[in-house]
Amino acid sequence: MLYKLAAKSFLRQSRGYLVYFFSLTLSTMIYYSFSTISYDQLLNRRTQQDSLFNVFLGIGSWIILIVLLFFVISANRFFFNRRQREIGIYQLFGVKKTQISLIYVLETMAIGLFACTAGIILGIIFSKLFSMILIRMMNLQITSLFFISVPSIFETFLLFFFDFICCFFVFIMENLALSDDSKFWRIRSFGK
Amino acid sequence: MDKMIEVKHVSKSYGNKLSPVKVLDNISFTVEKGEFVGIMGPSGAGKTTLMNILSTINLPTMGSVLIQGNEITKMKNNELSDFRRKKLGFIFQEFNLIDTLNAKDNILLPLAVERISKEEMEKSVLHVAQLLGIEEILKRYPDELSVGQRQRIAAARALVIQPQVIFADEPTGSLDSKSATELLNYLTTMNRVEKSTILLVTHDPYTASYCDRILFIKDGVIFSEVVRRGSRNEFFERVIDMQATIGGGGKLNAL
């Protein structure tokens, strides 16, 4: 019942998460497209002499990974702060910290997985467009083929799990460093 | 009569060791089961701090608090969660409703953690809703309700678990006089019918006149105590006189 209430409350405020959701979807899409291009055999064969090409693709993926990591951490901190009042009320009415944490982790993962899946689907649709742009810019005489790259899908999911686990890890460390009545877990009290 | 709350030599200071600010200084008193007790005093006297300590939200620096013989000052966090959920009800000046849940779900919240059947939950919610006259607005969200209605929802949430003790800090503070009177009547009903013990902090002598007994706090100690014997009007007069003595209101200011 508690989880049902939490879900209702979350759905009611889901509009506030819309921008976050779209940013995540967009960045997943870009990451997937980068990844797909690096698995594109036709393009790879053509650019094998050009080792810089692969280096740049690699750097691009890493930049996305790191930017996304910071984005996920700070966005989640923002959401958490915004919902402090709600969390304080839950605690006051006897919901345990472990239960609140579980609700919070489930919510975060739900958005993450949903955005990741949407991003991959968009990425599959648009990856051909990206490789076409790339081929045009590089003045190569090849046609890009539409294909779905399974290792890229895996890689993208892996990136997501890595980012979210880092995010939770940072939160746990912060919680351990702060005392029990820190602002993270401030229970709703009289006069505040 | 049974003792409901026992407060033994409770002190509370804030700040660091070099410059401590003593808010409560060696306070002791008891509240019997089924009593309706008010706490009054000028601002900064430590009323809210006392309430936070009694309701397990904060810990005292020294001393102990017993509710129904359970020493709440020695409980662990998880025990406290269970204790709060099963035995205590809270009513705030600013309601503290969850805006993203409708009135009914707000009232359900303290029950949701419990493993009880859906029918039983519905029954409890309906029971308090009838008591407070809010059956018609259960489907609405807090921002679609008037201030008085919101406070009644908050009261229903506090009452739905049939708490042993209800803590109310300025519950009438943000209500107009009509809604305030209604809420106080509901609280009195709760006190009489359901035999809940009620602790209420207030500035307002009118609100206080609904209590059986009022503790006056000043500078962290209990200054005096006024017990209701006769009618409410006579009690009201005595409360105002005591406020005048204590220097926080009084007849001249009230006029």
# chains A, B, ... in the order shown; residues from 1 in each chain; ligands from 1
call {"tool": "interface_residues", "arguments": {"of": "chain B", "to": "chain A", "cutoff": "10 Å", "atoms": "only C-alpha atoms", "output": "PyMOL selection string"}}
result
chain B and resi 47-53+55-58+77-86+88-94+96-102+105-106+108-118+157-158+167-170
call {"tool": "residues_around", "arguments": {"residues": "Ala208 (chain B)", "least_positions_apart": "6", "cutoff": "9 Å", "atoms": "only C-alpha atoms", "output": "ChimeraX atom specification"}}
result
/B:37-40,200-202,214,236,239
call {"tool": "residues_around", "arguments": {"residues": "Cys167 (chain A)", "least_positions_apart": "5", "cutoff": "9 Å", "atoms": "only C-alpha atoms", "output": "MDAnalysis selection string"}}
result
chainID A and resid 69:70 72:74 76 162 172
call {"tool": "write_last_selection", "arguments": {"atoms": "all heavy atoms", "output": "PDB file, in the first residue's frame"}}
result
ATOM      1  N   LEU A  69      27.413  11.630 -16.211  1.00  0.00           N
ATOM      2  CA  LEU A  69      27.582  11.293 -14.797  1.00  0.00           C
ATOM      3  C   LEU A  69      27.288  12.508 -13.922  1.00  0.00           C
ATOM      4  O   LEU A  69      26.504  12.442 -12.973  1.00  0.00           O
ATOM      5  CB  LEU A  69      29.006  10.789 -14.568  1.00  0.00           C
ATOM      6  CG  LEU A  69      29.344  10.361 -13.151  1.00  0.00           C
ATOM      7  CD1 LEU A  69      28.470   9.193 -12.738  1.00  0.00           C
ATOM      8  CD2 LEU A  69      30.795   9.964 -13.044  1.00  0.00           C
ATOM      9  N   PHE A  70      27.911  13.643 -14.264  1.00  0.00           N
ATOM     10  CA  PHE A  70      27.681  14.853 -13.471  1.00  0.00           C
ATOM     11  C   PHE A  70      26.232  15.313 -13.569  1.00  0.00           C
ATOM     12  O   PHE A  70      25.641  15.749 -12.585  1.00  0.00           O
ATOM     13  CB  PHE A  70      28.630  15.976 -13.918  1.00  0.00           C
ATOM     14  CG  PHE A  70      29.998  15.809 -13.334  1.00  0.00           C
ATOM     15  CD1 PHE A  70      31.035  15.313 -14.099  1.00  0.00           C
ATOM     16  CD2 PHE A  70      30.237  16.139 -12.012  1.00  0.00           C
ATOM     17  CE1 PHE A  70      32.290  15.140 -13.557  1.00  0.00           C
ATOM     18  CE2 PHE A  70      31.483  15.967 -11.457  1.00  0.00           C
ATOM     19  CZ  PHE A  70      32.519  15.465 -12.229  1.00  0.00           C
ATOM     20  N   VAL A  72      23.555  13.457 -14.109  1.00  0.00           N
ATOM     21  CA  VAL A  72      22.674  12.575 -13.326  1.00  0.00           C
ATOM     22  C   VAL A  72      22.786  12.894 -11.835  1.00  0.00           C
ATOM     23  O   VAL A  72      21.782  13.023 -11.137  1.00  0.00           O
ATOM     24  CB  VAL A  72      23.016  11.091 -13.610  1.00  0.00           C
ATOM     25  CG1 VAL A  72      22.359  10.180 -12.585  1.00  0.00           C
ATOM     26  CG2 VAL A  72      22.560  10.709 -14.995  1.00  0.00           C
ATOM     27  N   ILE A  73      24.019  13.064 -11.366  1.00  0.00           N
ATOM     28  CA  ILE A  73      24.202  13.324  -9.932  1.00  0.00           C
ATOM     29  C   ILE A  73      23.551  14.641  -9.532  1.00  0.00           C
ATOM     30  O   ILE A  73      22.774  14.699  -8.578  1.00  0.00           O
ATOM     31  CB  ILE A  73      25.704  13.317  -9.561  1.00  0.00           C
ATOM     32  CG1 ILE A  73      26.245  11.885  -9.654  1.00  0.00           C
ATOM     33  CG2 ILE A  73      25.904  13.854  -8.149  1.00  0.00           C
ATOM     34  CD1 ILE A  73      27.730  11.795  -9.457  1.00  0.00           C
ATOM     35  N   SER A  74      23.822  15.701 -10.288  1.00  0.00           N
ATOM     36  CA  SER A  74      23.298  17.000  -9.838  1.00  0.00           C
ATOM     37  C   SER A  74      21.790  17.095 -10.045  1.00  0.00           C
ATOM     38  O   SER A  74      21.094  17.670  -9.207  1.00  0.00           O
ATOM     39  CB  SER A  74      24.028  18.155 -10.523  1.00  0.00           C
ATOM     40  OG  SER A  74      24.034  17.950 -11.901  1.00  0.00           O
ATOM     41  N   ASN A  76      19.656  14.626  -9.819  1.00  0.00           N
ATOM     42  CA  ASN A  76      19.015  13.854  -8.757  1.00  0.00           C
ATOM     43  C   ASN A  76      19.095  14.554  -7.412  1.00  0.00           C
ATOM     44  O   ASN A  76      18.176  14.468  -6.612  1.00  0.00           O
ATOM     45  CB  ASN A  76      19.607  12.457  -8.669  1.00  0.00           C
ATOM     46  CG  ASN A  76      18.967  11.543  -9.690  1.00  0.00           C
ATOM     47  OD1 ASN A  76      17.752  11.410  -9.712  1.00  0.00           O
ATOM     48  ND2 ASN A  76      19.765  10.970 -10.553  1.00  0.00           N
ATOM     49  N   PHE A 162      26.262   2.165 -15.014  1.00  0.00           N
ATOM     50  CA  PHE A 162      27.456   2.746 -14.401  1.00  0.00           C
ATOM     51  C   PHE A 162      27.138   4.115 -13.818  1.00  0.00           C
ATOM     52  O   PHE A 162      27.444   4.404 -12.662  1.00  0.00           O
ATOM     53  CB  PHE A 162      28.572   2.844 -15.458  1.00  0.00           C
ATOM     54  CG  PHE A 162      29.800   3.513 -14.936  1.00  0.00           C
ATOM     55  CD1 PHE A 162      30.645   2.860 -14.049  1.00  0.00           C
ATOM     56  CD2 PHE A 162      30.111   4.822 -15.319  1.00  0.00           C
ATOM     57  CE1 PHE A 162      31.764   3.482 -13.550  1.00  0.00           C
ATOM     58  CE2 PHE A 162      31.230   5.445 -14.822  1.00  0.00           C
ATOM     59  CZ  PHE A 162      32.063   4.771 -13.940  1.00  0.00           C
ATOM     60  N   ILE A 172      25.229   7.778  -1.076  1.00  0.00           N
ATOM     61  CA  ILE A 172      25.464   6.991   0.140  1.00  0.00           C
ATOM     62  C   ILE A 172      26.663   7.555   0.896  1.00  0.00           C
ATOM     63  O   ILE A 172      26.624   7.723   2.116  1.00  0.00           O
ATOM     64  CB  ILE A 172      25.694   5.500  -0.219  1.00  0.00           C
ATOM     65  CG1 ILE A 172      24.374   4.882  -0.694  1.00  0.00           C
ATOM     66  CG2 ILE A 172      26.221   4.726   0.978  1.00  0.00           C
ATOM     67  CD1 ILE A 172      24.540   3.535  -1.357  1.00  0.00           C
TER      68      ILE A 172
END
call {"tool": "atom_distance", "arguments": {"atom1": "CA of Pro171 (chain B)", "atom2": "CA of Asn185 (chain B)"}}
result
12.4 Å
call {"tool": "select_by_dssp", "arguments": {"residues": "region 46-161 of chain B", "states": "strand (DSSP E)", "output": "ChimeraX atom specification"}}
result
/B:62-67,70-71,88-91
call {"tool": "write_last_selection", "arguments": {"atoms": "C-alpha atoms", "output": "compact mmCIF listing (two decimals), in the first residue's frame"}}
result
# COMPACT_ATOMS: atom_id res chain seq x y z
CA MET B 62 19.31 15.62 29.67
CA GLY B 63 16.40 13.88 31.34
CA SER B 64 13.92 11.32 30.12
CA VAL B 65 10.41 11.14 28.68
CA LEU B 66 8.09 8.17 29.18
CA ILE B 67 4.96 7.61 27.13
CA ASN B 70 7.99 3.40 27.32
CA GLU B 71 11.14 5.44 27.61
CA LEU B 88 1.14 9.31 18.11
CA GLY B 89 -0.83 11.76 15.99
CA PHE B 90 0.50 15.09 14.72
CA ILE B 91 -1.33 18.27 13.76
call {"tool": "select_by_dssp", "arguments": {"residues": "region 39-251 of chain B", "states": "helix (DSSP H, G or I)", "output": "NGL selection string"}}
result
:B and (47-54 or 72-74 or 77-87 or 103-112 or 118-132 or 135-137 or 142-144 or 147-159 or 177-193 or 205-208 or 232-246 or 251)
call {"tool": "closest_residue", "arguments": {"among": "A:Ser61, A:Gly16, A:Phe161, A:Ala118", "to": "Arg83 (chain A)", "atoms": "only C-alpha atoms"}}
result
A:Gly16
call {"tool": "atom_distance", "arguments": {"atom1": "CA of Asn175 (chain A)", "atom2": "CA of Lys12 (chain B)"}}
result
25.9 Å
call {"tool": "residues_around", "arguments": {"residues": "Gly58 (chain A)", "least_positions_apart": "5", "cutoff": "9 Å", "atoms": "only C-alpha atoms", "output": "list in words"}}
result
Phe34, Ser35, Ser38, Phe53 and Ile63 of chain A
call {"tool": "write_last_selection", "arguments": {"atoms": "N, CA, C and O atoms", "output": "short mmCIF file (atom, residue, chain, number, x, y, z; two decimals), in the first residue's frame"}}
result
data_model
loop_
_atom_site.label_atom_id
_atom_site.label_comp_id
_atom_site.auth_asym_id
_atom_site.auth_seq_id
_atom_site.Cartn_x
_atom_site.Cartn_y
_atom_site.Cartn_z
N PHE A 34 27.05 7.26 -31.53
CA PHE A 34 28.52 7.22 -31.54
C PHE A 34 28.99 5.79 -31.53
O PHE A 34 29.86 5.38 -32.31
N SER A 35 28.37 5.03 -30.62
CA SER A 35 28.76 3.64 -30.45
C SER A 35 28.51 2.85 -31.73
O SER A 35 29.35 2.06 -32.18
N SER A 38 31.08 3.47 -34.40
CA SER A 38 32.35 2.79 -34.19
C SER A 38 32.24 1.29 -34.50
O SER A 38 33.25 0.62 -34.66
N PHE A 53 40.54 8.95 -36.44
CA PHE A 53 39.08 8.85 -36.47
C PHE A 53 38.54 8.07 -35.28
O PHE A 53 37.65 8.52 -34.56
N ILE A 63 33.55 11.59 -23.20
CA ILE A 63 33.03 12.90 -22.78
C ILE A 63 31.55 12.78 -22.42
O ILE A 63 31.11 13.27 -21.38
#
call {"tool": "atom_distance", "arguments": {"atom1": "CA of His9 (chain B)", "atom2": "CA of Ile222 (chain B)"}}
result
11.5 Å
call {"tool": "residues_around", "arguments": {"residues": "Ile217 (chain B)", "least_positions_apart": "6", "cutoff": "12 Å", "atoms": "only C-alpha atoms", "output": "PyMOL selection string"}}
result
chain B and resi 23-29+38-50+201-203+223-226+242-243+246-248
call {"tool": "write_last_selection", "arguments": {"atoms": "N, CA, C and O atoms", "output": "compact mmCIF listing (two decimals), in the first residue's frame"}}
result
# COMPACT_ATOMS: atom_id res chain seq x y z
N VAL B 23 17.28 26.13 26.36
CA VAL B 23 15.89 26.39 25.98
C VAL B 23 14.93 25.81 27.02
O VAL B 23 13.94 26.43 27.37
N LEU B 24 15.24 24.61 27.48
CA LEU B 24 14.41 24.01 28.53
C LEU B 24 15.33 23.72 29.72
O LEU B 24 16.44 23.24 29.54
N ASP B 25 14.85 24.03 30.91
CA ASP B 25 15.70 23.90 32.08
C ASP B 25 15.01 23.04 33.14
O ASP B 25 14.16 23.53 33.89
N ASN B 26 15.35 21.76 33.17
CA ASN B 26 14.88 20.87 34.23
C ASN B 26 13.36 20.88 34.38
O ASN B 26 12.82 21.19 35.44
N ILE B 27 12.68 20.52 33.31
CA ILE B 27 11.21 20.50 33.34
C ILE B 27 10.72 19.11 33.72
O ILE B 27 11.22 18.11 33.21
N SER B 28 9.78 19.05 34.63
CA SER B 28 9.15 17.78 35.00
C SER B 28 7.65 17.99 35.12
O SER B 28 7.21 18.96 35.73
N PHE B 29 6.88 17.10 34.51
CA PHE B 29 5.43 17.09 34.75
C PHE B 29 4.85 15.79 34.23
O PHE B 29 5.55 15.01 33.57
N GLY B 38 -3.06 22.06 27.56
CA GLY B 38 -2.53 23.14 26.73
C GLY B 38 -1.18 23.58 27.26
O GLY B 38 -0.91 23.51 28.45
N ILE B 39 -0.33 24.04 26.35
CA ILE B 39 0.95 24.62 26.75
C ILE B 39 0.99 26.02 26.19
O ILE B 39 0.81 26.24 25.00
N MET B 40 1.19 26.99 27.08
CA MET B 40 1.23 28.39 26.64
C MET B 40 2.50 29.04 27.14
O MET B 40 3.16 28.55 28.05
N GLY B 41 2.79 30.20 26.59
CA GLY B 41 3.97 30.93 27.01
C GLY B 41 4.38 31.90 25.94
O GLY B 41 3.98 31.74 24.78
N PRO B 42 5.17 32.92 26.30
CA PRO B 42 5.62 33.87 25.29
C PRO B 42 6.51 33.19 24.25
O PRO B 42 7.00 32.09 24.49
N SER B 43 6.72 33.82 23.10
CA SER B 43 7.55 33.17 22.10
C SER B 43 8.99 33.07 22.60
O SER B 43 9.48 33.95 23.31
N GLY B 44 9.62 31.99 22.24
CA GLY B 44 10.98 31.74 22.70
C GLY B 44 11.03 31.09 24.06
O GLY B 44 12.11 30.90 24.62
N ALA B 45 9.87 30.72 24.59
CA ALA B 45 9.86 30.12 25.93
C ALA B 45 10.25 28.65 25.89
O ALA B 45 10.58 28.07 26.92
N GLY B 46 10.19 28.05 24.71
CA GLY B 46 10.57 26.64 24.60
C GLY B 46 9.40 25.70 24.40
O GLY B 46 9.55 24.50 24.53
N LYS B 47 8.25 26.26 24.03
CA LYS B 47 7.05 25.42 23.84
C LYS B 47 7.26 24.41 22.72
O LYS B 47 7.03 23.22 22.90
N THR B 48 7.69 24.92 21.57
CA THR B 48 7.84 24.05 20.41
C THR B 48 8.94 23.02 20.65
O THR B 48 8.81 21.85 20.27
N THR B 49 10.03 23.45 21.29
CA THR B 49 11.10 22.52 21.61
C THR B 49 10.58 21.40 22.49
O THR B 49 10.87 20.21 22.27
N LEU B 50 9.77 21.74 23.47
CA LEU B 50 9.19 20.74 24.36
C LEU B 50 8.33 19.76 23.57
O LEU B 50 8.43 18.54 23.76
N VAL B 201 -0.19 23.19 21.82
CA VAL B 201 0.55 24.43 22.06
C VAL B 201 -0.22 25.56 21.41
O VAL B 201 -0.71 25.42 20.29
N THR B 202 -0.36 26.67 22.11
CA THR B 202 -1.07 27.79 21.49
C THR B 202 -0.67 29.13 22.10
O THR B 202 -0.12 29.21 23.19
N HIS B 203 -0.93 30.18 21.34
CA HIS B 203 -0.76 31.54 21.84
C HIS B 203 -2.10 32.10 22.26
O HIS B 203 -2.19 33.08 22.97
N PHE B 223 6.19 27.89 34.63
CA PHE B 223 5.96 29.07 35.45
C PHE B 223 4.76 28.84 36.36
O PHE B 223 4.81 29.13 37.56
N SER B 224 3.69 28.31 35.81
CA SER B 224 2.52 28.01 36.63
C SER B 224 1.58 27.11 35.86
O SER B 224 1.85 26.72 34.72
N GLU B 225 0.47 26.79 36.49
CA GLU B 225 -0.46 25.84 35.91
C GLU B 225 -1.87 26.32 36.23
O GLU B 225 -2.14 26.75 37.34
N VAL B 226 -2.76 26.31 35.25
CA VAL B 226 -4.14 26.70 35.51
C VAL B 226 -5.03 25.52 35.16
O VAL B 226 -4.94 24.96 34.07
N MET B 242 -3.52 35.09 33.69
CA MET B 242 -2.21 34.47 33.83
C MET B 242 -1.27 34.97 32.74
O MET B 242 -0.08 35.21 33.00
N GLN B 243 -1.79 35.18 31.54
CA GLN B 243 -0.96 35.72 30.45
C GLN B 243 -0.45 37.10 30.81
O GLN B 243 0.70 37.44 30.52
N ILE B 246 2.36 36.81 33.20
CA ILE B 246 3.58 36.28 32.61
C ILE B 246 4.19 37.30 31.63
O ILE B 246 5.36 37.24 31.27
N GLY B 247 3.38 38.23 31.18
CA GLY B 247 3.90 39.28 30.30
C GLY B 247 3.84 38.93 28.85
O GLY B 247 4.70 39.31 28.08
N GLY B 248 2.82 38.20 28.45
CA GLY B 248 2.69 37.90 27.02
C GLY B 248 1.25 38.03 26.61
O GLY B 248 0.56 37.08 26.35
call {"tool": "residues_around", "arguments": {"residues": "Ser152 (chain A)", "least_positions_apart": "2", "cutoff": "6 Å", "atoms": "only C-alpha atoms", "output": "PyMOL selection string"}}
result
chain A and resi 35-36+149-150+154-155
call {"tool": "write_last_selection", "arguments": {"atoms": "C-alpha atoms", "output": "PDB file, in the first residue's frame"}}
result
ATOM      1  CA  SER A  35      28.762   3.638 -30.450  1.00  0.00           C
ATOM      2  CA  THR A  36      27.029   2.387 -33.590  1.00  0.00           C
ATOM      3  CA  SER A 149      24.087  -2.900 -33.389  1.00  0.00           C
ATOM      4  CA  VAL A 150      23.538  -5.272 -30.469  1.00  0.00           C
ATOM      5  CA  PHE A 154      24.620  -3.402 -24.435  1.00  0.00           C
ATOM      6  CA  GLU A 155      27.219  -0.679 -24.183  1.00  0.00           C
TER       7      GLU A 155
END
call {"tool": "closest_residue", "arguments": {"among": "B:Ile107, B:Met121, B:Ile5, B:Ala180", "to": "Gln164 (chain B)", "atoms": "only C-alpha atoms"}}
result
B:Ile5
